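**Q** Mind having a look at this structure? Questions to follow.
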Amino acid sequence: MVGKPEILPDVIALLHGTISNNADELEELDRILGDGDHVVNLLRGLGVLQAKSEDLVRTDWSGAFQVIGLSLMSSVGGASGSLYGTLFLKMGSVLKESELTTSGMADAFSQGVDAMKARGKSDVGEKTMLDVLAPVAQCLTRLSDEGAGRNALLEAMANVALEGVEATRNMVATKGRAAYLGERSVGHVDAGAKSSQVMLCALTDFLVDEA
Ligand code: ADP
Ligand code: MG
């Protein structure tokens, strides 16, 4: 069982702290390839979620993800707000139907990432956050189907996220603001891919049982 969403306030605080700790690098990346507002966007969204922490723990995972999705959609102006909003809205609707197991969560995440692809009209290889999130979704689905344990899943998630962000360095951006730079976007990792990776790695560190 994945458990109740009582952990969400701590996770949101963790992600807020993680983005703050990596703010300089993330802001610089979005300044080089975009408009420099990525950190402000993420912190605004996470701040709104922190303010709603009490509502989140009063509901189930499906309800909590729907509140998160709607909050991100309405509070974060940038592309990242609508994309992350889409991810959580879809996960919320999938979890209404499916069982709350590790593989149910992996499946919900996978369907959420597919919804992001549709929303962004984008896919892997376009130098975006999807270059981290899509391989992570694929890996989680595969490992949970194989019956891998929770720590193995979390550690694989961090490793795949690190590979994903690094892969964006030599890609030419074809979506989002970085697409205006064309070939000049090569040589830096994508800000949205980097922020996804630092959040996923922080989640792994937080959730892995040391026992
Ligand atoms: P904005 O681009 O509107 O300023 P942010 O700076 O918050 O919004 O987010 C930028 C990130 O969003 C990019 O680094 C990229 O990872 C992601 N992104 C932008 N457009 C798309 C898209 N169409 N599909 C997937 N991801 C995208
Ligand atoms: Mg931006």
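Letters for chains follow the order of the structure tokens (A, B, ...), residue numbers begin at 1 for each chain, and ligand numbers begin at 1 in the order shown.
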Show me which residues sit within 9 Å of ligand 2 when counting only C-alpha atoms and all ligand atoms, and put them as a PyMOL selection string.
**A** chain A and resi 27+30-31+33-41+78-80+176-177+191-192
**Q** Near A:Asp10, counting only C-alpha atoms, which residues have an atom at most 12 Å away, once you skip same-chain residues fewer than 2 positions from it, shown as a ChimeraX atom specification?
**A** /A:5-8,12-17,46,49-50,53-54,56-57,202-203,206-207
**Q** Could you name the residues that touch stretch 100-115 of chain A at 8 Å or less, counting only C-alpha atoms, but leaving out those on the same chain fewer than 3 positions away, as a short mmCIF file (atom, residue, chain, number, x, y, z; two decimals) with C-alpha atoms, in the first residue's frame?
**A**
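Saved to selection22.cif:
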data_model
loop_
_atom_site.label_atom_id
_atom_site.label_comp_id
_atom_site.auth_asym_id
_atom_site.auth_seq_id
_atom_site.Cartn_x
_atom_site.Cartn_y
_atom_site.Cartn_z
CA MET A 1 0.00 0.00 0.00
CA VAL A 2 1.18 3.50 -0.76
CA GLY A 3 -0.62 4.93 2.25
CA THR A 86 -2.01 18.47 -16.06
CA LEU A 87 0.18 15.76 -14.50
CA PHE A 88 -1.55 15.96 -11.12
CA LEU A 89 -5.09 16.34 -12.50
CA LYS A 90 -4.60 13.19 -14.57
CA MET A 91 -3.03 11.29 -11.66
CA GLY A 92 -5.96 12.35 -9.49
CA VAL A 94 -6.62 7.76 -12.57
CA LEU A 95 -6.30 7.11 -8.83
CA ALA A 118 -0.66 15.84 -25.12
CA ARG A 119 -0.96 19.20 -23.35
CA LEU A 130 9.65 15.32 -20.41
CA LEU A 133 9.70 12.57 -16.50
CA ALA A 134 8.95 10.19 -19.40
CA ALA A 137 7.58 6.91 -15.77
CA GLN A 138 8.68 4.11 -18.08
CA LEU A 140 8.78 2.91 -12.63
CA THR A 141 6.15 1.04 -14.63
CA SER A 144 6.82 -2.24 -10.50
CA ASP A 145 5.51 -4.77 -13.07
CA ARG A 150 10.26 0.28 -2.97
#
**Q** Counting only C-alpha atoms, which residue out of A:Ile68, A:Val186, A:Met129, A:Leu143 sits closest to A:Gly164?
**A** A:Met129
**Q** Got a sec: who's within 9 Å of A:Leu42, counting only C-alpha atoms, leaving out chain neighbours fewer than 6 positions off, as a list in words?
**A**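 Surrounding residues, per the criterion: His16, Ile19, Leu72, Val76, Ser80, Gly81 and Ser195 of chain A.
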**Q** Quick one: DSSP helix (DSSP H, G or I) residues in stretch 5-204 of chain A, as a ChimeraX atom specification?
**A** /A:5-21,23-33,38-51,53-58,61-75,79-97,102-120,130-145,150-170,177-185,191-204
**Q** Can you pull out the residues contacting A:Gln197? Cut-off 8 Å, using only C-alpha atoms, and skip same-chain residues under 2 positions away; I want them as a ChimeraX atom specification.
**A** /A:132,158,161-162,165,193-195,199-201
**Q** For the residues selected in the previous step, produce a file with all heavy atoms as a tab-separated table (two decimals), in the first residue's frame.
**A**
chain	number	residue	atom	x	y	z
A	132	VAL	N	13.13	14.01	-18.61
A	132	VAL	CA	13.33	13.38	-17.30
A	132	VAL	C	12.09	12.57	-16.93
A	132	VAL	O	12.17	11.40	-16.57
A	132	VAL	CB	13.61	14.47	-16.22
A	132	VAL	CG1	13.52	13.87	-14.82
A	132	VAL	CG2	14.99	15.07	-16.46
A	158	ALA	N	15.90	8.00	-9.27
A	158	ALA	CA	16.93	9.05	-9.18
A	158	ALA	C	17.96	8.89	-10.29
A	158	ALA	O	18.35	9.87	-10.93
A	158	ALA	CB	17.60	9.00	-7.81
A	161	ALA	N	16.51	9.85	-13.67
A	161	ALA	CA	16.32	11.30	-13.73
A	161	ALA	C	17.64	12.01	-14.03
A	161	ALA	O	17.70	12.95	-14.84
A	161	ALA	CB	15.73	11.81	-12.42
A	162	LEU	N	18.72	11.54	-13.40
A	162	LEU	CA	20.04	12.14	-13.64
A	162	LEU	C	20.49	11.94	-15.09
A	162	LEU	O	21.01	12.85	-15.72
A	162	LEU	CB	21.08	11.56	-12.67
A	162	LEU	CG	20.98	12.11	-11.24
A	162	LEU	CD1	21.72	11.21	-10.25
A	162	LEU	CD2	21.54	13.54	-11.18
A	165	VAL	N	18.29	14.32	-17.41
A	165	VAL	CA	18.64	15.75	-17.47
A	165	VAL	C	19.93	15.93	-18.27
A	165	VAL	O	20.06	16.86	-19.07
A	165	VAL	CB	18.72	16.38	-16.05
A	165	VAL	CG1	19.91	15.91	-15.26
A	165	VAL	CG2	18.75	17.90	-16.16
A	193	ALA	N	13.89	20.32	-17.06
A	193	ALA	CA	14.41	18.96	-16.84
A	193	ALA	C	15.22	18.92	-15.55
A	193	ALA	O	15.11	18.00	-14.74
A	193	ALA	CB	15.27	18.53	-18.03
A	194	LYS	N	16.02	19.98	-15.34
A	194	LYS	CA	16.87	20.03	-14.14
A	194	LYS	C	16.02	20.14	-12.87
A	194	LYS	O	16.29	19.46	-11.87
A	194	LYS	CB	17.83	21.23	-14.25
A	194	LYS	CG	18.83	21.35	-13.12
A	194	LYS	CD	19.87	20.25	-13.15
A	194	LYS	CE	20.64	20.15	-11.85
A	194	LYS	NZ	21.45	18.93	-11.79
A	195	SER	N	14.98	20.97	-12.90
A	195	SER	CA	14.16	21.11	-11.70
A	195	SER	C	13.42	19.80	-11.41
A	195	SER	O	13.29	19.40	-10.25
A	195	SER	CB	13.18	22.29	-11.80
A	195	SER	OG	12.31	22.12	-12.89
A	199	MET	N	14.00	17.60	-7.90
A	199	MET	CA	12.86	17.24	-7.05
A	199	MET	C	12.76	15.71	-6.90
A	199	MET	O	12.51	15.20	-5.80
A	199	MET	CB	11.56	17.83	-7.61
A	199	MET	CG	11.50	19.34	-7.43
A	199	MET	SD	9.86	20.05	-7.75
A	199	MET	CE	9.83	20.12	-9.53
A	200	LEU	N	12.95	14.98	-8.00
A	200	LEU	CA	12.85	13.51	-7.92
A	200	LEU	C	13.98	12.92	-7.06
A	200	LEU	O	13.75	12.00	-6.28
A	200	LEU	CB	12.86	12.89	-9.33
A	200	LEU	CG	11.60	13.19	-10.16
A	200	LEU	CD1	11.79	12.73	-11.61
A	200	LEU	CD2	10.37	12.53	-9.56
A	201	CYS	N	15.18	13.47	-7.20
A	201	CYS	CA	16.30	12.97	-6.38
A	201	CYS	C	16.06	13.28	-4.90
A	201	CYS	O	16.37	12.45	-4.03
A	201	CYS	CB	17.63	13.56	-6.87
A	201	CYS	SG	18.18	12.82	-8.42
**Q** Please indicate the distance in Å from atom CA of A:Ala152 to atom CA of A:Thr59, rounded to one decimal place.
**A**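 It comes out at 28.6 Å.
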**Q** Looking at only C-alpha atoms, which of A:Thr174, A:Glu25, A:Thr168, A:Gly63 is the one that sits closest to A:Gly187?
**A**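 When distances to A:Gly187 are compared using only C-alpha atoms, the smallest one comes from A:Thr168.
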**Q** Restricting the calculation to only C-alpha atoms and all ligand atoms: of A:Ala179, A:Ala51, A:Ala156, A:Val11, which residue gets closest to ligand 1?
**A**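 Among the listed residues, A:Ala179 lies closest to ligand 1.
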**Q** Hey, can you check how far atom CA of A:Met171 sits from atom CA of A:Gly45?
**A**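 Atom CA of A:Gly45 lies at a distance of 27.8 Å from atom CA of A:Met171.
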**Q** Give the answer as one residue: which of A:Ser62, A:Ser122, A:Asn170, A:Ser98 has the shortest atom-to-atom distance to ligand 1, using only C-alpha atoms and all ligand atoms?
**A**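 Of the candidates, the smallest distance to ligand 1 is held by A:Ser122.
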**Q** Taking only C-alpha atoms into account, name the residue in A:Val172, A:Val198, A:Asp24, A:Pro135 that is nearest to A:Arg184.
**A**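 Closest residue, counting only C-alpha atoms: A:Val172.
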**Q** What is the atom CA of A:His188 to atom CA of A:Met116 distance in Å?
**A**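 Computed distance, atom CA of A:His188 to atom CA of A:Met116, equals 22.9 Å.
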**Q** Looking at only C-alpha atoms and all ligand atoms, which of A:Glu166, A:Glu155, A:Glu99, A:Asp131 is the one that sits closest to ligand 1?
**A** A:Asp131
